[in-house]
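Heads up, coords13.pdb below (PDB, C-alpha atoms):
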ATOM      1  CA  MET L  25     -13.589 -13.074  11.621  1.00  0.00           C
ATOM      2  CA  SER L  26     -13.308  -9.726   9.827  1.00  0.00           C
ATOM      3  CA  ASP L  27     -16.440  -7.959   8.639  1.00  0.00           C
ATOM      4  CA  TYR L  28     -14.526  -7.022   5.487  1.00  0.00           C
ATOM      5  CA  SER L  29     -14.295  -9.303   2.482  1.00  0.00           C
ATOM      6  CA  THR L  30     -13.023  -8.963  -1.080  1.00  0.00           C
ATOM      7  CA  VAL L  31     -13.867 -10.586  -4.398  1.00  0.00           C
ATOM      8  CA  ILE L  32     -12.096 -10.351  -7.760  1.00  0.00           C
ATOM      9  CA  LYS L  33     -14.390 -10.305 -10.760  1.00  0.00           C
ATOM     10  CA  LYS L  34     -13.793 -10.233 -14.468  1.00  0.00           C
ATOM     11  CA  ILE L  35     -15.502  -7.168 -15.895  1.00  0.00           C
ATOM     12  CA  ASN L  36     -17.609  -9.319 -18.224  1.00  0.00           C
ATOM     13  CA  ASP L  37     -18.933 -11.243 -15.207  1.00  0.00           C
ATOM     14  CA  LEU L  38     -20.324  -8.214 -13.368  1.00  0.00           C
ATOM     15  CA  ASP L  39     -24.099  -8.137 -13.029  1.00  0.00           C
ATOM     16  CA  GLU L  40     -26.168  -5.012 -13.573  1.00  0.00           C
ATOM     17  CA  ALA L  41     -26.734  -4.406  -9.867  1.00  0.00           C
ATOM     18  CA  THR L  42     -22.992  -4.385  -9.127  1.00  0.00           C
ATOM     19  CA  ARG L  43     -22.297  -2.071 -12.053  1.00  0.00           C
ATOM     20  CA  ASN L  44     -24.925   0.326 -10.709  1.00  0.00           C
ATOM     21  CA  GLN L  45     -23.357   0.229  -7.238  1.00  0.00           C
ATOM     22  CA  ILE L  46     -19.922   0.980  -8.696  1.00  0.00           C
ATOM     23  CA  VAL L  47     -21.332   3.998 -10.531  1.00  0.00           C
ATOM     24  CA  GLU L  48     -23.104   5.220  -7.392  1.00  0.00           C
ATOM     25  CA  ILE L  49     -19.960   4.968  -5.251  1.00  0.00           C
ATOM     26  CA  TYR L  50     -17.841   6.726  -7.872  1.00  0.00           C
ATOM     27  CA  LEU L  51     -20.226   9.639  -8.380  1.00  0.00           C
ATOM     28  CA  THR L  52     -20.544  10.102  -4.620  1.00  0.00           C
ATOM     29  CA  TYR L  53     -16.879  11.094  -4.412  1.00  0.00           C
ATOM     30  CA  TYR L  54     -16.056  12.500  -7.858  1.00  0.00           C
ATOM     31  CA  ASP L  55     -17.279  15.447  -9.898  1.00  0.00           C
ATOM     32  CA  GLY L  56     -16.669  16.010 -13.611  1.00  0.00           C
ATOM     33  CA  SER L  57     -17.933  12.601 -14.650  1.00  0.00           C
ATOM     34  CA  SER L  58     -21.138  10.775 -15.535  1.00  0.00           C
ATOM     35  CA  ARG L  59     -22.713   7.347 -15.432  1.00  0.00           C
ATOM     36  CA  SER L  60     -21.796   6.666 -19.064  1.00  0.00           C
ATOM     37  CA  ARG L  61     -18.185   7.704 -18.521  1.00  0.00           C
ATOM     38  CA  VAL L  62     -17.820   5.506 -15.424  1.00  0.00           C
ATOM     39  CA  LEU L  63     -19.269   2.514 -17.246  1.00  0.00           C
ATOM     40  CA  SER L  64     -17.086   3.143 -20.301  1.00  0.00           C
ATOM     41  CA  ASP L  65     -13.987   3.285 -18.115  1.00  0.00           C
ATOM     42  CA  LEU L  66     -15.069   0.082 -16.384  1.00  0.00           C
ATOM     43  CA  GLU L  67     -15.458  -1.734 -19.699  1.00  0.00           C
ATOM     44  CA  ALA L  68     -11.909  -0.748 -20.658  1.00  0.00           C
ATOM     45  CA  LYS L  69     -10.516  -2.789 -17.726  1.00  0.00           C
ATOM     46  CA  THR L  70     -10.109  -6.542 -17.358  1.00  0.00           C
ATOM     47  CA  GLU L  71     -10.825  -7.015 -13.645  1.00  0.00           C
ATOM     48  CA  VAL L  72     -12.287  -5.293 -10.616  1.00  0.00           C
ATOM     49  CA  LEU L  73     -11.458  -5.990  -6.986  1.00  0.00           C
ATOM     50  CA  LEU L  74     -14.604  -5.441  -4.909  1.00  0.00           C
ATOM     51  CA  LEU L  75     -14.552  -4.581  -1.198  1.00  0.00           C
ATOM     52  CA  PHE L  76     -17.503  -5.518   1.018  1.00  0.00           C
ATOM     53  CA  PHE L  77     -18.410  -4.712   4.609  1.00  0.00           C
ATOM     54  CA  LYS L  78     -20.903  -7.170   6.106  1.00  0.00           C
ATOM     55  CA  GLY L  79     -21.915  -8.103   2.571  1.00  0.00           C
ATOM     56  CA  GLN L  80     -22.436  -4.533   1.343  1.00  0.00           C
ATOM     57  CA  LEU L  81     -20.248  -3.175  -1.468  1.00  0.00           C
ATOM     58  CA  ILE L  82     -18.270  -0.225  -0.074  1.00  0.00           C
ATOM     59  CA  GLY L  83     -15.329   0.136  -2.456  1.00  0.00           C
ATOM     60  CA  PHE L  84     -13.457  -1.133  -5.469  1.00  0.00           C
ATOM     61  CA  THR L  85     -10.343  -0.842  -7.586  1.00  0.00           C
ATOM     62  CA  THR L  86     -10.123  -1.698 -11.267  1.00  0.00           C
ATOM     63  CA  LEU L  87      -7.215  -2.926 -13.364  1.00  0.00           C
ATOM     64  CA  LEU L  88      -6.187  -3.666 -16.900  1.00  0.00           C
ATOM     65  CA  LEU L  89      -3.561  -6.364 -17.422  1.00  0.00           C
ATOM     66  CA  TYR L  90      -1.655  -6.316 -20.691  1.00  0.00           C
ATOM     67  CA  SER L  91       1.690  -7.184 -22.260  1.00  0.00           C
ATOM     68  CA  ARG L  92       4.078  -5.256 -24.474  1.00  0.00           C
ATOM     69  CA  SER L  93       7.679  -5.241 -25.591  1.00  0.00           C
ATOM     70  CA  TRP L  94      10.202  -2.910 -23.976  1.00  0.00           C
ATOM     71  CA  GLN L  95      13.796  -2.549 -25.109  1.00  0.00           C
ATOM     72  CA  GLY L  96      13.557  -5.808 -27.011  1.00  0.00           C
ATOM     73  CA  ALA L  97      12.085  -7.926 -24.211  1.00  0.00           C
ATOM     74  CA  PRO L  98       8.542  -8.755 -23.046  1.00  0.00           C
ATOM     75  CA  ILE L  99       7.058  -7.039 -19.989  1.00  0.00           C
ATOM     76  CA  ARG L 100       3.627  -7.117 -18.348  1.00  0.00           C
ATOM     77  CA  ILE L 101       1.685  -4.099 -17.146  1.00  0.00           C
ATOM     78  CA  VAL L 102      -0.972  -3.772 -14.476  1.00  0.00           C
ATOM     79  CA  TYR L 103      -2.715  -0.487 -15.207  1.00  0.00           C
ATOM     80  CA  SER L 104      -4.817   0.659 -12.256  1.00  0.00           C
ATOM     81  CA  GLY L 105      -8.070   2.475 -12.770  1.00  0.00           C
ATOM     82  CA  ASP L 106     -10.086   4.183 -10.082  1.00  0.00           C
ATOM     83  CA  THR L 107      -9.741   3.142  -6.452  1.00  0.00           C
ATOM     84  CA  ILE L 108     -12.543   4.287  -4.164  1.00  0.00           C
ATOM     85  CA  VAL L 109     -13.587   3.323  -0.634  1.00  0.00           C
ATOM     86  CA  GLU L 110     -16.519   4.897   1.158  1.00  0.00           C
ATOM     87  CA  ARG L 111     -15.329   7.508   3.611  1.00  0.00           C
ATOM     88  CA  GLU L 112     -16.412   5.792   6.827  1.00  0.00           C
ATOM     89  CA  HIS L 113     -14.171   2.864   5.895  1.00  0.00           C
ATOM     90  CA  TRP L 114     -10.998   4.824   5.150  1.00  0.00           C
ATOM     91  CA  GLY L 115      -8.182   3.168   7.054  1.00  0.00           C
ATOM     92  CA  GLN L 116      -9.200  -0.447   6.453  1.00  0.00           C
ATOM     93  CA  GLN L 117      -6.437  -2.574   4.915  1.00  0.00           C
ATOM     94  CA  ALA L 118      -8.485  -5.386   3.381  1.00  0.00           C
ATOM     95  CA  LEU L 119      -8.509  -3.869  -0.098  1.00  0.00           C
ATOM     96  CA  ALA L 120      -4.765  -3.149  -0.104  1.00  0.00           C
ATOM     97  CA  PHE L 121      -3.892  -6.639   1.144  1.00  0.00           C
ATOM     98  CA  ALA L 122      -6.171  -8.287  -1.426  1.00  0.00           C
ATOM     99  CA  TRP L 123      -4.630  -6.160  -4.188  1.00  0.00           C
ATOM    100  CA  ILE L 124      -1.100  -7.201  -3.234  1.00  0.00           C
ATOM    101  CA  ALA L 125      -2.188 -10.838  -3.119  1.00  0.00           C
ATOM    102  CA  ARG L 126      -3.654 -10.507  -6.602  1.00  0.00           C
ATOM    103  CA  MET L 127      -0.387  -8.985  -7.836  1.00  0.00           C
ATOM    104  CA  GLY L 128       1.413 -12.037  -6.447  1.00  0.00           C
ATOM    105  CA  GLU L 129      -0.904 -14.286  -8.448  1.00  0.00           C
ATOM    106  CA  ILE L 130      -0.325 -12.306 -11.624  1.00  0.00           C
ATOM    107  CA  LYS L 131       3.453 -12.354 -11.134  1.00  0.00           C
ATOM    108  CA  ASN L 132       3.382 -16.106 -10.607  1.00  0.00           C
ATOM    109  CA  GLU L 133       1.670 -16.612 -13.976  1.00  0.00           C
ATOM    110  CA  GLN L 134       4.895 -15.558 -15.741  1.00  0.00           C
ATOM    111  CA  PRO L 135       7.524 -15.144 -13.013  1.00  0.00           C
ATOM    112  CA  GLU L 136      10.352 -14.588 -15.483  1.00  0.00           C
ATOM    113  CA  VAL L 137       8.655 -11.562 -17.109  1.00  0.00           C
ATOM    114  CA  PRO L 138       9.024  -8.144 -15.393  1.00  0.00           C
ATOM    115  CA  LEU L 139       5.720  -6.868 -14.018  1.00  0.00           C
ATOM    116  CA  TYR L 140       5.041  -3.147 -13.592  1.00  0.00           C
ATOM    117  CA  TRP L 141       2.305  -1.238 -11.808  1.00  0.00           C
ATOM    118  CA  PHE L 142       1.265   1.697 -13.999  1.00  0.00           C
ATOM    119  CA  VAL L 143      -1.112   4.160 -12.352  1.00  0.00           C
ATOM    120  CA  ILE L 144      -2.192   7.750 -12.888  1.00  0.00           C
ATOM    121  CA  ILE L 145      -3.038   9.544  -9.659  1.00  0.00           C
ATOM    122  CA  LYS L 146      -5.266  12.538  -8.969  1.00  0.00           C
ATOM    123  CA  GLY L 147      -5.359  12.326  -5.179  1.00  0.00           C
ATOM    124  CA  HIS L 148      -2.780  12.214  -2.388  1.00  0.00           C
ATOM    125  CA  ARG L 149      -4.440   9.256  -0.663  1.00  0.00           C
ATOM    126  CA  THR L 150      -3.765   6.969  -3.619  1.00  0.00           C
ATOM    127  CA  PHE L 151      -0.213   8.234  -4.107  1.00  0.00           C
ATOM    128  CA  LYS L 152       0.754   7.179  -0.577  1.00  0.00           C
ATOM    129  CA  TYR L 153       0.227   3.512  -1.466  1.00  0.00           C
ATOM    130  CA  LEU L 154       3.276   3.548  -3.704  1.00  0.00           C
ATOM    131  CA  SER L 155       5.441   4.138  -0.625  1.00  0.00           C
ATOM    132  CA  VAL L 156       3.456   1.612   1.415  1.00  0.00           C
ATOM    133  CA  PHE L 157       4.066  -1.122  -1.162  1.00  0.00           C
ATOM    134  CA  GLY L 158       7.329  -0.271  -2.888  1.00  0.00           C
ATOM    135  CA  LYS L 159      10.862   0.699  -1.954  1.00  0.00           C
ATOM    136  CA  SER L 160      11.605   2.392  -5.259  1.00  0.00           C
ATOM    137  CA  PHE L 161       9.223   3.846  -7.825  1.00  0.00           C
ATOM    138  CA  TYR L 162       8.770   6.770 -10.209  1.00  0.00           C
ATOM    139  CA  PRO L 163       8.406   9.564  -9.334  1.00  0.00           C
ATOM    140  CA  HIS L 164       9.885   9.647  -5.820  1.00  0.00           C
ATOM    141  CA  TRP L 165      10.763  12.563  -3.562  1.00  0.00           C
ATOM    142  CA  SER L 166      14.141  11.121  -2.575  1.00  0.00           C
ATOM    143  CA  GLY L 167      15.645  10.526  -6.008  1.00  0.00           C
ATOM    144  CA  SER L 168      15.158   9.968  -9.722  1.00  0.00           C
ATOM    145  CA  ARG L 169      14.598   6.733 -11.620  1.00  0.00           C
ATOM    146  CA  PRO L 170      15.419   7.642 -15.242  1.00  0.00           C
ATOM    147  CA  ASP L 171      14.898   4.026 -16.314  1.00  0.00           C
ATOM    148  CA  LEU L 172      11.347   4.019 -14.967  1.00  0.00           C
ATOM    149  CA  LYS L 173      10.650   7.474 -16.351  1.00  0.00           C
ATOM    150  CA  LEU L 174      11.489   6.301 -19.863  1.00  0.00           C
ATOM    151  CA  LEU L 175       9.024   3.445 -19.584  1.00  0.00           C
ATOM    152  CA  ALA L 176       6.409   5.605 -17.844  1.00  0.00           C
ATOM    153  CA  ASP L 177       6.659   8.162 -20.653  1.00  0.00           C
ATOM    154  CA  ALA L 178       6.188   5.464 -23.282  1.00  0.00           C
ATOM    155  CA  LEU L 179       3.202   3.884 -21.521  1.00  0.00           C
ATOM    156  CA  ALA L 180       1.532   7.232 -20.874  1.00  0.00           C
ATOM    157  CA  LYS L 181       2.087   8.436 -24.437  1.00  0.00           C
ATOM    158  CA  ASP L 182       0.592   5.198 -25.773  1.00  0.00           C
ATOM    159  CA  LYS L 183      -2.501   5.496 -23.607  1.00  0.00           C
ATOM    160  CA  PHE L 184      -3.129   9.233 -23.386  1.00  0.00           C
ATOM    161  CA  GLY L 185      -1.525  10.709 -26.495  1.00  0.00           C
ATOM    162  CA  ASN L 186      -1.289  14.495 -26.453  1.00  0.00           C
ATOM    163  CA  ASP L 187      -3.015  14.741 -23.084  1.00  0.00           C
ATOM    164  CA  TYR L 188       0.242  13.500 -21.548  1.00  0.00           C
ATOM    165  CA  ASN L 189       2.988  16.042 -20.901  1.00  0.00           C
ATOM    166  CA  PRO L 190       6.360  14.268 -20.530  1.00  0.00           C
ATOM    167  CA  GLU L 191       7.950  17.457 -19.212  1.00  0.00           C
ATOM    168  CA  THR L 192       5.715  17.454 -16.136  1.00  0.00           C
ATOM    169  CA  GLY L 193       4.875  13.750 -15.995  1.00  0.00           C
ATOM    170  CA  ILE L 194       1.201  14.712 -15.822  1.00  0.00           C
ATOM    171  CA  VAL L 195      -1.870  13.738 -17.828  1.00  0.00           C
ATOM    172  CA  GLU L 196      -3.229  17.251 -18.336  1.00  0.00           C
ATOM    173  CA  TYR L 197      -6.796  16.952 -19.543  1.00  0.00           C
ATOM    174  CA  ALA L 198      -8.232  20.122 -21.086  1.00  0.00           C
ATOM    175  CA  ILE L 199     -11.560  19.104 -19.538  1.00  0.00           C
ATOM    176  CA  SER L 200     -11.622  17.040 -16.354  1.00  0.00           C
ATOM    177  CA  GLN L 201     -12.386  13.357 -16.800  1.00  0.00           C
ATOM    178  CA  GLY L 202     -13.295  13.166 -13.106  1.00  0.00           C
ATOM    179  CA  HIS L 203     -11.899  14.894 -10.023  1.00  0.00           C
ATOM    180  CA  LEU L 204     -12.353  14.506  -6.285  1.00  0.00           C
ATOM    181  CA  LYS L 205     -15.122  16.548  -4.714  1.00  0.00           C
ATOM    182  CA  GLN L 206     -14.105  19.679  -2.852  1.00  0.00           C
ATOM    183  CA  GLU L 207     -14.990  18.337   0.586  1.00  0.00           C
ATOM    184  CA  ILE L 208     -12.459  15.504   0.372  1.00  0.00           C
ATOM    185  CA  VAL L 209      -9.807  16.705  -2.077  1.00  0.00           C
ATOM    186  CA  CYS L 210      -7.508  18.552   0.349  1.00  0.00           C
ATOM    187  CA  PRO L 211      -5.101  16.818   2.743  1.00  0.00           C
ATOM    188  CA  THR L 212      -5.612  17.170   6.474  1.00  0.00           C
ATOM    189  CA  ASP L 213      -2.996  18.923   8.612  1.00  0.00           C
ATOM    190  CA  GLU L 214      -1.766  15.494   9.734  1.00  0.00           C
ATOM    191  CA  GLU L 215      -1.476  14.259   6.140  1.00  0.00           C
ATOM    192  CA  MET L 216       0.458  17.399   5.208  1.00  0.00           C
ATOM    193  CA  GLU L 217       3.292  16.193   7.444  1.00  0.00           C
ATOM    194  CA  LYS L 218       3.902  13.150   5.231  1.00  0.00           C
ATOM    195  CA  ASP L 219       6.659  13.259   2.616  1.00  0.00           C
ATOM    196  CA  SER L 220       4.452  11.491   0.078  1.00  0.00           C
ATOM    197  CA  VAL L 221       1.708  14.095   0.393  1.00  0.00           C
ATOM    198  CA  LYS L 222       4.107  17.053   0.222  1.00  0.00           C
ATOM    199  CA  TYR L 223       5.687  15.617  -2.903  1.00  0.00           C
ATOM    200  CA  PHE L 224       2.382  14.852  -4.592  1.00  0.00           C
ATOM    201  CA  LEU L 225       1.164  18.419  -4.115  1.00  0.00           C
ATOM    202  CA  ARG L 226       4.394  19.785  -5.617  1.00  0.00           C
ATOM    203  CA  ALA L 227       4.437  17.332  -8.513  1.00  0.00           C
ATOM    204  CA  ASN L 228       0.766  17.683  -9.425  1.00  0.00           C
ATOM    205  CA  PRO L 229      -0.288  21.234  -8.446  1.00  0.00           C
ATOM    206  CA  ASN L 230      -3.460  21.119 -10.559  1.00  0.00           C
ATOM    207  CA  TYR L 231      -4.778  17.833  -9.147  1.00  0.00           C
ATOM    208  CA  LYS L 232      -8.008  19.565  -8.104  1.00  0.00           C
ATOM    209  CA  LEU L 233      -8.762  20.076 -11.812  1.00  0.00           C
ATOM    210  CA  GLY L 234      -8.432  16.352 -12.526  1.00  0.00           C
ATOM    211  CA  HIS L 235      -4.792  16.368 -13.651  1.00  0.00           C
ATOM    212  CA  GLU L 236      -3.173  12.996 -12.993  1.00  0.00           C
ATOM    213  CA  LEU L 237       0.396  12.152 -11.994  1.00  0.00           C
ATOM    214  CA  VAL L 238       1.870   9.248 -13.973  1.00  0.00           C
ATOM    215  CA  CYS L 239       3.533   6.696 -11.678  1.00  0.00           C
ATOM    216  CA  LEU L 240       5.346   3.410 -12.219  1.00  0.00           C
ATOM    217  CA  CYS L 241       6.589   0.732  -9.842  1.00  0.00           C
ATOM    218  CA  GLU L 242       8.109  -2.665 -10.570  1.00  0.00           C
ATOM    219  CA  LEU L 243       6.234  -5.434  -8.764  1.00  0.00           C
ATOM    220  CA  GLU L 244       8.870  -7.891  -7.633  1.00  0.00           C
ATOM    221  CA  GLU L 245       9.840  -9.208  -4.220  1.00  0.00           C
ATOM    222  CA  GLU L 246      13.055  -7.268  -3.711  1.00  0.00           C
ATOM    223  CA  ASN L 247      11.338  -3.956  -4.439  1.00  0.00           C
ATOM    224  CA  MET L 248       8.627  -4.452  -1.830  1.00  0.00           C
ATOM    225  CA  LYS L 249       8.315  -3.272   1.742  1.00  0.00           C
ATOM    226  CA  PRO L 250       8.361  -6.154   4.289  1.00  0.00           C
ATOM    227  CA  LEU L 251       4.606  -6.586   4.837  1.00  0.00           C
ATOM    228  CA  ALA L 252       3.750  -6.247   1.157  1.00  0.00           C
ATOM    229  CA  LYS L 253       6.550  -8.675   0.317  1.00  0.00           C
ATOM    230  CA  ARG L 254       5.171 -11.298   2.698  1.00  0.00           C
ATOM    231  CA  ILE L 255       1.707 -11.110   1.173  1.00  0.00           C
ATOM    232  CA  PHE L 256       3.038 -11.022  -2.393  1.00  0.00           C
ATOM    233  CA  LYS L 257       5.477 -13.907  -1.826  1.00  0.00           C
ATOM    234  CA  LYS L 258       2.997 -16.043   0.109  1.00  0.00           C
ATOM    235  CA  THR L 259       0.527 -15.806  -2.744  1.00  0.00           C
ATOM    236  CA  SER L 260       3.204 -16.807  -5.237  1.00  0.00           C
ATOM    237  CA  ASP L 261       4.422 -19.672  -3.032  1.00  0.00           C
ATOM    238  CA  ASP L 262       0.892 -20.965  -2.434  1.00  0.00           C
ATOM    239  CA  ARG L 263       0.156 -20.964  -6.160  1.00  0.00           C
ATOM    240  CA  PHE L 264       3.444 -22.794  -6.825  1.00  0.00           C
ATOM    241  CA  LEU L 265       2.684 -25.459  -4.213  1.00  0.00           C
ATOM    242  CA  ALA L 266      -0.844 -25.957  -5.531  1.00  0.00           C
ATOM    243  CA  ALA L 267       0.484 -26.418  -9.054  1.00  0.00           C
ATOM    244  CA  THR L 268       3.015 -29.045  -7.976  1.00  0.00           C
ATOM    245  CA  VAL L 269       0.798 -31.181  -5.712  1.00  0.00           C
TER     246      VAL L 269
END

Reformat the file's structure so that it appears as structure tokens.
Amino acid sequence: MSDYSTVIKKINDLDEATRNQIVEIYLTYYDGSSRSRVLSDLEAKTEVLLLFFKGQLIGFTTLLLYSRSWQGAPIRIVYSGDTIVEREHWGQQALAFAWIARMGEIKNEQPEVPLYWFVIIKGHRTFKYLSVFGKSFYPHWSGSRPDLKLLADALAKDKFGNDYNPETGIVEYAISQGHLKQEIVCPTDEEMEKDSVKYFLRANPNYKLGHELVCLCELEEENMKPLAKRIFKKTSDDRFLAATV
């Protein structure tokens, strides 16, 4: 049995102790923020996926699920907030697998409605997950997706107003809203060999200042890499079977 476990919580259901732990983990790895800002950002989300090791909280990722109309049809958006795992647990896959499973559940709620993952990224480690999960997304080093860029621009403009620069695809805060600490912000020599890391550094040259790259990926089976697809589809299939028994 794995020592890692995950739990999904509605933000309103979080107790004070867990909120304090989330703040502590965040401020351990990010500068340019504060307790009040972390808590305010948390309250703006709908859910948090908590990662535990032997019962101790060691990481989390937050999300906001919402709907809107796009080109005359309904779509659903999963907007990701901060994703942080304590350094000694980098490399575990429990959080990523649980996140994909949760996306499968969300997709199964309204399978006929397109579901998009909308995320702004200020670190190369988070950007790599787009290529782990998806075959095609915006932006990508191997080609353009003008259809996704149009939607990404609209979503980013709605959420960030004048802080979003559609020419660069970056949320360019005048004052950092939170940026990775110096000791962990730079890629290793090994990471620098990866296409995703090279592209991220080109696309978001001021990431150290807290600038964030706007990214968008459709969450549907045919756009997923094989492992992610199996987890995503299994979750959807299990929910379907449970509903029909």

Contacts between region 35-50 of chain L and region 68-158 of chain L, please, where a residue of region 68-158 of chain L counts if it comes within 12 Å (with all atoms listed in the file); show its shortest atom pair and distance in Å to one decimal, rows by chain and ascending number, as a tab-separated table.
residue	atom	partner	partner_atom	distance
L:Ala68	CA	L:Ile35	CA	8.8
L:Lys69	CA	L:Ile35	CA	6.9
L:Thr70	CA	L:Ile35	CA	5.6
L:Glu71	CA	L:Ile35	CA	5.2
L:Val72	CA	L:Ile35	CA	6.5
L:Leu73	CA	L:Ile35	CA	9.9
L:Leu74	CA	L:Ile46	CA	9.2
L:Leu75	CA	L:Ile46	CA	10.8
L:Phe76	CA	L:Thr42	CA	11.6
L:Gln80	CA	L:Gln45	CA	9.9
L:Leu81	CA	L:Gln45	CA	7.4
L:Ile82	CA	L:Ile49	CA	7.5
L:Gly83	CA	L:Ile49	CA	7.3
L:Phe84	CA	L:Ile46	CA	7.5
L:Thr85	CA	L:Ile46	CA	9.8
L:Thr86	CA	L:Ile35	CA	9.0
L:Leu87	CA	L:Ile35	CA	9.6
L:Leu88	CA	L:Ile35	CA	10.0
L:Gly105	CA	L:Tyr50	CA	11.7
L:Asp106	CA	L:Tyr50	CA	8.5
L:Thr107	CA	L:Tyr50	CA	9.0
L:Ile108	CA	L:Tyr50	CA	6.9
L:Val109	CA	L:Ile49	CA	8.0
L:Glu110	CA	L:Ile49	CA	7.3
L:Arg111	CA	L:Ile49	CA	10.3

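Shortest separation to Arg61 (chain L) among L:Asn247, L:Ser220, L:Ser200, L:Gly128 occurs at residue L:Ser200, atoms counted being all atoms listed in the file.
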
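For the structure shown here, the set of residues caught by the PyMOL selection byres ((chain L and resi 229) around 12) is Lys146, Gly147, His148, Thr192, Gly193, Ile194, Glu196, Cys210, Val221, Lys222, Tyr223, Phe224, Leu225, Arg226, Ala227, Asn228, Asn230, Tyr231, Lys232, Leu233, Gly234, His235, Glu236 and Leu237 of chain L.
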
Exercise. For the atom pair CA of Lys253 (chain L) and CA of Ile124 (chain L), what is the interatomic distance in Å to one decimal place?
Worked result: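 About the pair CA of Lys253 (chain L) and CA of Ile124 (chain L): they are 8.6 Å apart.
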
Exercise. Rounded to one decimal in Å, what is the spacing between CA of Leu51 (chain L) and CA of Val209 (chain L)?
Worked result: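 These atoms are spaced 14.1 Å apart.
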
For this session: Using all atoms listed in the file, determine which residues lie at most 8 Å from Val143 (chain L), disregarding the query and same-chain residues fewer than 4 positions distant; provide the list as a PyMOL selection string.
Result: chain L and resi 103-105+238-240

Write the residues you've just listed into a file as an mmCIF file, in the coordinates of the input, and include C-alpha atoms for each of them.
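Result file is result_17.cif:
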data_model
loop_
_atom_site.group_PDB
_atom_site.id
_atom_site.type_symbol
_atom_site.label_atom_id
_atom_site.label_comp_id
_atom_site.auth_asym_id
_atom_site.auth_seq_id
_atom_site.Cartn_x
_atom_site.Cartn_y
_atom_site.Cartn_z
ATOM 1 C CA TYR L 103 -2.715 -0.487 -15.207
ATOM 2 C CA SER L 104 -4.817 0.659 -12.256
ATOM 3 C CA GLY L 105 -8.070 2.475 -12.770
ATOM 4 C CA VAL L 238 1.870 9.248 -13.973
ATOM 5 C CA CYS L 239 3.533 6.696 -11.678
ATOM 6 C CA LEU L 240 5.346 3.410 -12.219
#
